[in-house]
Amino acid sequence: MKLDGKTAIITGGASGFGLGIAEKFLAEGATVLIADIDGAAAEGAAQGIGAFAAQCDVSKDADVAALTATAIAKMGRIDILVNNAGVTHLPAAMEDVSEEDFDRVLNVNTKSVYLAAKHIIPLMKAQGSGAVLNVASTAGVSPRPRLSWYNASKGWMITATKSMAVELAPAGVRVNAINPVAGETPLLKSFMGEDTPEMRAKFVSTIPIGRFSTPQDMGNAAAFLCSDEASMITGVAMEVDGGRCI
Ligand SMILES: NC(=O)c1ccc[n+]([C@@H]2O[C@H](COP(=O)([O-])OP(=O)(O)OC[C@H]3O[C@@H](n4cnc5c(N)ncnc54)[C@H](O)[C@@H]3O)[C@@H](O)[C@H]2O)c1
């Protein structure tokens, strides 16, 4: 029970990696609040696994403020924040990505980290402890073509992780990231452009371990980094990528 007695908010927790992280955190003894823009999906997922749920668009200040209040009302404190909600634009030449898509990707993938920090970091500082986990991507380390602005948003997240870590270490708050490789979630099709056996084979051929990642892989890495076992680890962006970034 690595996370016994801890409380955690997981954004984008109604699906994919976020749901895998929520399941693992619960199995390790944490109390979990799933926050998702899709309120019905969050409720459904939470009921299935025994978590709390809240509707929240992580790119909106008022929503994150309300989420913070809900978390305190339901759980009493916030020990762990997982900034997992993320979106991509479809693969395209960088100049062809619409301004609307650019804004959506940057708002959900980067501004959300700022907004969560604005509302939740003061609480962690006041309690003198906390663990933040940003779900970045191998895209921020070893970018693929035609996903430029998504890649850049994840590079931003990795730098934000290190910057937050160095500033918050004296306050007892650790900040780490994981860099998943392409994983079996609903988002995968958007990265590939088309979900065909050929495209899957092309992506898997770049992963030395020879398979896509899974929500369970992310849950295992996240539980470790957010647990007291990782009390000396801050500011890392850990690849969970089957060797893709070697
Ligand atoms: N799947 C992959 O191949 C892959 C690889 C590397 C990194 N990632 C990253 O992992 C994270 C999770 O992705 P996933 O593959 O599980 O995707 P997913 O689409 O399965 O789940 C994302 C969840 O985030 C929610 N969401 C979207 N916008 C939101 C918003 N504005 N506010 C709150 N919730 C919002 C969605 O409703 C959904 O439930 C993302 O940050 C993604 O960039 C995914």
# chains A, B, ... in the order shown; residues from 1 in each chain; ligands from 1
>>> residues_around(residues="Ser59 (chain A)", least_positions_apart="3", cutoff="12 Å", atoms="only C-alpha atoms", output="ChimeraX atom specification")
/A:11-12,36-37,56,62-65,67,83,85-87,103-116
>>> residues_near_ligand(ligand="ligand 1", cutoff="8 Å", atoms="only C-alpha atoms and all ligand atoms", output="MDAnalysis selection string")
chainID A and resid 11:19 35:38 41:42 55:60 83:88 107:109 112 135:139 150 154 179:188 191 212:213 215
>>> atom_distance(atom1="CA of Ser142 (chain A)", atom2="CA of Thr206 (chain A)")
11.2 Å
>>> select_by_dssp(residues="region 65-108 of chain A", states="alpha helix (DSSP H)", output="list in words")
Ala65, Ala66, Leu67, Thr68, Ala69, Thr70, Ala71, Ile72, Ala73, Lys74, Met75, Glu99, Glu100, Asp101, Phe102, Asp103, Arg104, Val105 and Leu106 of chain A
>>> write_last_selection(atoms="C-alpha atoms", output="compact mmCIF listing (two decimals), in the first residue's frame")
# COMPACT_ATOMS: atom_id res chain seq x y z
CA ALA A 65 -10.84 26.82 -8.54
CA ALA A 66 -14.09 24.84 -8.15
CA LEU A 67 -12.22 21.53 -8.47
CA THR A 68 -9.85 22.55 -5.69
CA ALA A 69 -12.78 23.41 -3.41
CA THR A 70 -14.51 20.12 -4.26
CA ALA A 71 -11.34 18.16 -3.50
CA ILE A 72 -10.99 19.78 -0.09
CA ALA A 73 -14.69 19.26 0.67
CA LYS A 74 -14.58 15.56 -0.27
CA MET A 75 -11.07 14.53 0.79
CA GLU A 99 -4.96 28.56 -34.70
CA GLU A 100 -8.00 27.08 -32.94
CA ASP A 101 -6.30 23.70 -32.63
CA PHE A 102 -3.05 25.33 -31.51
CA ASP A 103 -4.85 27.24 -28.75
CA ARG A 104 -6.78 24.14 -27.65
CA VAL A 105 -3.63 22.00 -27.39
CA LEU A 106 -1.62 24.66 -25.55
>>> residues_around(residues="Gly5 (chain A)", least_positions_apart="4", cutoff="10 Å", atoms="only C-alpha atoms", output="ChimeraX atom specification")
/A:1,28-31,79
>>> residues_around(residues="Gly128 (chain A)", least_positions_apart="5", cutoff="8 Å", atoms="only C-alpha atoms", output="list in words")
Ala171, Gly172 and Val173 of chain A
>>> write_last_selection(atoms="N, CA, C and O atoms", output="short mmCIF file (atom, residue, chain, number, x, y, z; two decimals), in the first residue's frame")
data_model
loop_
_atom_site.label_atom_id
_atom_site.label_comp_id
_atom_site.auth_asym_id
_atom_site.auth_seq_id
_atom_site.Cartn_x
_atom_site.Cartn_y
_atom_site.Cartn_z
N ALA A 171 9.89 23.74 0.01
CA ALA A 171 8.56 23.72 0.64
C ALA A 171 8.07 22.29 0.90
O ALA A 171 6.95 22.08 1.38
N GLY A 172 8.90 21.29 0.53
CA GLY A 172 8.51 19.90 0.77
C GLY A 172 7.61 19.32 -0.33
O GLY A 172 7.01 18.26 -0.15
N VAL A 173 7.55 20.03 -1.45
CA VAL A 173 6.69 19.56 -2.55
C VAL A 173 7.58 19.04 -3.68
O VAL A 173 8.45 19.75 -4.17
#
>>> select_by_dssp(residues="region 209-246 of chain A", states="strand (DSSP E or B)", output="MDAnalysis selection string")
chainID A and resid 213 237:240
>>> closest_residue(among="A:Asn220, A:Ala93, A:Ile209, A:Gly50", to="Cys245 (chain A)", atoms="only C-alpha atoms")
A:Ile209
>>> atom_distance(atom1="CA of Ala160 (chain A)", atom2="CA of Leu33 (chain A)")
23.4 Å
>>> closest_residue(among="A:Ala40, A:Pro91, A:Ile21, A:Asp228", to="Ser190 (chain A)", atoms="only C-alpha atoms")
A:Pro91
>>> closest_residue(among="A:Met192, A:Ile207, A:Ile233, A:Ala22", to="Pro145 (chain A)", atoms="only C-alpha atoms")
A:Met192
>>> atom_distance(atom1="CA of Ala117 (chain A)", atom2="CA of Asp61 (chain A)")
10.9 Å
>>> residues_around(residues="region 162-170 of chain A", least_positions_apart="5", cutoff="6 Å", atoms="only C-alpha atoms", output="VMD selection string")
chain A and resid 175 234 to 235
>>> write_last_selection(atoms="all heavy atoms", output="CSV table (one decimal), in the first residue's frame")
chain,number,residue,atom,x,y,z
A,175,VAL,N,8.0,17.5,-7.6
A,175,VAL,CA,7.3,17.6,-8.9
A,175,VAL,C,8.1,16.7,-9.9
A,175,VAL,O,9.3,17.0,-10.1
A,175,VAL,CB,7.3,19.0,-9.4
A,175,VAL,CG1,6.4,19.1,-10.7
A,175,VAL,CG2,6.7,20.0,-8.3
A,234,THR,N,13.0,14.3,-7.4
A,234,THR,CA,12.2,15.5,-7.8
A,234,THR,C,12.8,16.0,-9.1
A,234,THR,O,14.0,16.0,-9.3
A,234,THR,CB,12.0,16.5,-6.7
A,234,THR,OG1,10.9,17.4,-7.1
A,234,THR,CG2,13.2,17.3,-6.5
A,235,GLY,N,12.0,16.5,-10.0
A,235,GLY,CA,12.5,17.2,-11.2
A,235,GLY,C,12.8,16.2,-12.3
A,235,GLY,O,13.4,16.6,-13.3
>>> closest_residue(among="A:Ala45, A:Ile158, A:Ala177, A:Val32", to="Ile10 (chain A)", atoms="only C-alpha atoms")
A:Val32
>>> closest_residue(among="A:Trp156, A:Asp96, A:Leu90, A:Ile78", to="Ile121 (chain A)", atoms="only C-alpha atoms")
A:Ile78
>>> closest_residue(among="A:Met199, A:Ala126, A:Met232, A:Ala92", to="Arg146 (chain A)", atoms="only C-alpha atoms")
A:Ala92
>>> decode(residues="region 143-182 of chain A", atoms="N, CA and C atoms", output="PDB file, in the first residue's frame")
ATOM      1  N   PRO A 143      10.757  14.125 -30.737  1.00  0.00           N
ATOM      2  CA  PRO A 143       9.516  14.434 -31.466  1.00  0.00           C
ATOM      3  C   PRO A 143       9.394  13.701 -32.798  1.00  0.00           C
ATOM      4  N   ARG A 144       8.146  13.326 -33.116  1.00  0.00           N
ATOM      5  CA  ARG A 144       7.854  12.793 -34.453  1.00  0.00           C
ATOM      6  C   ARG A 144       7.400  13.963 -35.326  1.00  0.00           C
ATOM      7  N   PRO A 145       7.652  13.896 -36.650  1.00  0.00           N
ATOM      8  CA  PRO A 145       7.171  14.966 -37.523  1.00  0.00           C
ATOM      9  C   PRO A 145       5.641  15.042 -37.564  1.00  0.00           C
ATOM     10  N   ARG A 146       5.141  16.189 -37.907  1.00  0.00           N
ATOM     11  CA  ARG A 146       3.716  16.463 -38.151  1.00  0.00           C
ATOM     12  C   ARG A 146       2.878  16.524 -36.863  1.00  0.00           C
ATOM     13  N   LEU A 147       3.573  16.504 -35.716  1.00  0.00           N
ATOM     14  CA  LEU A 147       2.860  16.716 -34.441  1.00  0.00           C
ATOM     15  C   LEU A 147       3.526  17.866 -33.679  1.00  0.00           C
ATOM     16  N   SER A 148       4.042  18.839 -34.432  1.00  0.00           N
ATOM     17  CA  SER A 148       4.967  19.836 -33.867  1.00  0.00           C
ATOM     18  C   SER A 148       4.458  20.559 -32.639  1.00  0.00           C
ATOM     19  N   TRP A 149       3.229  21.026 -32.684  1.00  0.00           N
ATOM     20  CA  TRP A 149       2.763  21.879 -31.582  1.00  0.00           C
ATOM     21  C   TRP A 149       2.389  21.038 -30.368  1.00  0.00           C
ATOM     22  N   TYR A 150       1.915  19.817 -30.610  1.00  0.00           N
ATOM     23  CA  TYR A 150       1.729  18.863 -29.499  1.00  0.00           C
ATOM     24  C   TYR A 150       3.094  18.547 -28.869  1.00  0.00           C
ATOM     25  N   ASN A 151       4.083  18.231 -29.711  1.00  0.00           N
ATOM     26  CA  ASN A 151       5.429  17.922 -29.203  1.00  0.00           C
ATOM     27  C   ASN A 151       5.942  19.076 -28.333  1.00  0.00           C
ATOM     28  N   ALA A 152       5.779  20.290 -28.839  1.00  0.00           N
ATOM     29  CA  ALA A 152       6.293  21.462 -28.124  1.00  0.00           C
ATOM     30  C   ALA A 152       5.568  21.651 -26.792  1.00  0.00           C
ATOM     31  N   SER A 153       4.275  21.342 -26.764  1.00  0.00           N
ATOM     32  CA  SER A 153       3.535  21.486 -25.500  1.00  0.00           C
ATOM     33  C   SER A 153       4.089  20.521 -24.450  1.00  0.00           C
ATOM     34  N   LYS A 154       4.536  19.353 -24.884  1.00  0.00           N
ATOM     35  CA  LYS A 154       5.065  18.374 -23.928  1.00  0.00           C
ATOM     36  C   LYS A 154       6.489  18.739 -23.510  1.00  0.00           C
ATOM     37  N   GLY A 155       7.247  19.364 -24.425  1.00  0.00           N
ATOM     38  CA  GLY A 155       8.555  19.882 -24.032  1.00  0.00           C
ATOM     39  C   GLY A 155       8.397  20.972 -22.977  1.00  0.00           C
ATOM     40  N   TRP A 156       7.385  21.812 -23.148  1.00  0.00           N
ATOM     41  CA  TRP A 156       7.075  22.851 -22.152  1.00  0.00           C
ATOM     42  C   TRP A 156       6.792  22.194 -20.802  1.00  0.00           C
ATOM     43  N   MET A 157       6.022  21.132 -20.839  1.00  0.00           N
ATOM     44  CA  MET A 157       5.640  20.467 -19.593  1.00  0.00           C
ATOM     45  C   MET A 157       6.872  19.908 -18.862  1.00  0.00           C
ATOM     46  N   ILE A 158       7.825  19.393 -19.626  1.00  0.00           N
ATOM     47  CA  ILE A 158       9.034  18.836 -19.010  1.00  0.00           C
ATOM     48  C   ILE A 158       9.846  19.954 -18.350  1.00  0.00           C
ATOM     49  N   THR A 159       9.977  21.092 -19.027  1.00  0.00           N
ATOM     50  CA  THR A 159      10.701  22.220 -18.424  1.00  0.00           C
ATOM     51  C   THR A 159       9.935  22.769 -17.230  1.00  0.00           C
ATOM     52  N   ALA A 160       8.610  22.831 -17.329  1.00  0.00           N
ATOM     53  CA  ALA A 160       7.801  23.288 -16.191  1.00  0.00           C
ATOM     54  C   ALA A 160       8.020  22.367 -14.987  1.00  0.00           C
ATOM     55  N   THR A 161       8.124  21.077 -15.243  1.00  0.00           N
ATOM     56  CA  THR A 161       8.347  20.104 -14.166  1.00  0.00           C
ATOM     57  C   THR A 161       9.642  20.418 -13.407  1.00  0.00           C
ATOM     58  N   LYS A 162      10.715  20.662 -14.169  1.00  0.00           N
ATOM     59  CA  LYS A 162      12.014  20.926 -13.529  1.00  0.00           C
ATOM     60  C   LYS A 162      11.985  22.259 -12.790  1.00  0.00           C
ATOM     61  N   SER A 163      11.352  23.243 -13.408  1.00  0.00           N
ATOM     62  CA  SER A 163      11.292  24.567 -12.800  1.00  0.00           C
ATOM     63  C   SER A 163      10.469  24.533 -11.513  1.00  0.00           C
ATOM     64  N   MET A 164       9.328  23.866 -11.575  1.00  0.00           N
ATOM     65  CA  MET A 164       8.489  23.738 -10.379  1.00  0.00           C
ATOM     66  C   MET A 164       9.247  22.978  -9.287  1.00  0.00           C
ATOM     67  N   ALA A 165       9.966  21.928  -9.698  1.00  0.00           N
ATOM     68  CA  ALA A 165      10.669  21.083  -8.713  1.00  0.00           C
ATOM     69  C   ALA A 165      11.704  21.877  -7.941  1.00  0.00           C
ATOM     70  N   VAL A 166      12.494  22.678  -8.665  1.00  0.00           N
ATOM     71  CA  VAL A 166      13.577  23.389  -7.983  1.00  0.00           C
ATOM     72  C   VAL A 166      13.015  24.483  -7.080  1.00  0.00           C
ATOM     73  N   GLU A 167      11.904  25.090  -7.498  1.00  0.00           N
ATOM     74  CA  GLU A 167      11.318  26.149  -6.668  1.00  0.00           C
ATOM     75  C   GLU A 167      10.583  25.593  -5.450  1.00  0.00           C
ATOM     76  N   LEU A 168       9.984  24.422  -5.604  1.00  0.00           N
ATOM     77  CA  LEU A 168       9.120  23.899  -4.536  1.00  0.00           C
ATOM     78  C   LEU A 168       9.824  22.926  -3.587  1.00  0.00           C
ATOM     79  N   ALA A 169      11.041  22.518  -3.928  1.00  0.00           N
ATOM     80  CA  ALA A 169      11.740  21.554  -3.058  1.00  0.00           C
ATOM     81  C   ALA A 169      11.843  22.052  -1.614  1.00  0.00           C
ATOM     82  N   PRO A 170      12.219  23.327  -1.384  1.00  0.00           N
ATOM     83  CA  PRO A 170      12.316  23.771   0.017  1.00  0.00           C
ATOM     84  C   PRO A 170      10.983  23.739   0.754  1.00  0.00           C
ATOM     85  N   ALA A 171       9.888  23.739   0.013  1.00  0.00           N
ATOM     86  CA  ALA A 171       8.558  23.715   0.642  1.00  0.00           C
ATOM     87  C   ALA A 171       8.073  22.290   0.895  1.00  0.00           C
ATOM     88  N   GLY A 172       8.900  21.293   0.527  1.00  0.00           N
ATOM     89  CA  GLY A 172       8.507  19.904   0.765  1.00  0.00           C
ATOM     90  C   GLY A 172       7.613  19.324  -0.328  1.00  0.00           C
ATOM     91  N   VAL A 173       7.546  20.025  -1.453  1.00  0.00           N
ATOM     92  CA  VAL A 173       6.685  19.559  -2.552  1.00  0.00           C
ATOM     93  C   VAL A 173       7.576  19.040  -3.684  1.00  0.00           C
ATOM     94  N   ARG A 174       7.347  17.789  -4.083  1.00  0.00           N
ATOM     95  CA  ARG A 174       8.107  17.188  -5.189  1.00  0.00           C
ATOM     96  C   ARG A 174       7.289  17.274  -6.475  1.00  0.00           C
ATOM     97  N   VAL A 175       8.008  17.472  -7.599  1.00  0.00           N
ATOM     98  CA  VAL A 175       7.332  17.574  -8.894  1.00  0.00           C
ATOM     99  C   VAL A 175       8.095  16.730  -9.904  1.00  0.00           C
ATOM    100  N   ASN A 176       7.438  15.749 -10.461  1.00  0.00           N
ATOM    101  CA  ASN A 176       8.059  14.887 -11.462  1.00  0.00           C
ATOM    102  C   ASN A 176       7.144  14.757 -12.673  1.00  0.00           C
ATOM    103  N   ALA A 177       7.688  14.150 -13.726  1.00  0.00           N
ATOM    104  CA  ALA A 177       6.883  13.893 -14.935  1.00  0.00           C
ATOM    105  C   ALA A 177       7.128  12.465 -15.391  1.00  0.00           C
ATOM    106  N   ILE A 178       6.177  11.944 -16.121  1.00  0.00           N
ATOM    107  CA  ILE A 178       6.432  10.706 -16.873  1.00  0.00           C
ATOM    108  C   ILE A 178       6.275  11.024 -18.356  1.00  0.00           C
ATOM    109  N   ASN A 179       7.078  10.344 -19.150  1.00  0.00           N
ATOM    110  CA  ASN A 179       7.017  10.492 -20.605  1.00  0.00           C
ATOM    111  C   ASN A 179       6.554   9.171 -21.207  1.00  0.00           C
ATOM    112  N   PRO A 180       5.241   9.023 -21.378  1.00  0.00           N
ATOM    113  CA  PRO A 180       4.756   7.770 -21.976  1.00  0.00           C
ATOM    114  C   PRO A 180       5.092   7.715 -23.465  1.00  0.00           C
ATOM    115  N   VAL A 181       5.337   6.517 -23.944  1.00  0.00           N
ATOM    116  CA  VAL A 181       5.384   6.300 -25.391  1.00  0.00           C
ATOM    117  C   VAL A 181       3.955   6.010 -25.854  1.00  0.00           C
ATOM    118  N   ALA A 182       3.722   5.992 -27.156  1.00  0.00           N
ATOM    119  CA  ALA A 182       2.399   5.709 -27.719  1.00  0.00           C
ATOM    120  C   ALA A 182       1.732   4.570 -26.949  1.00  0.00           C
TER     121      ALA A 182
END
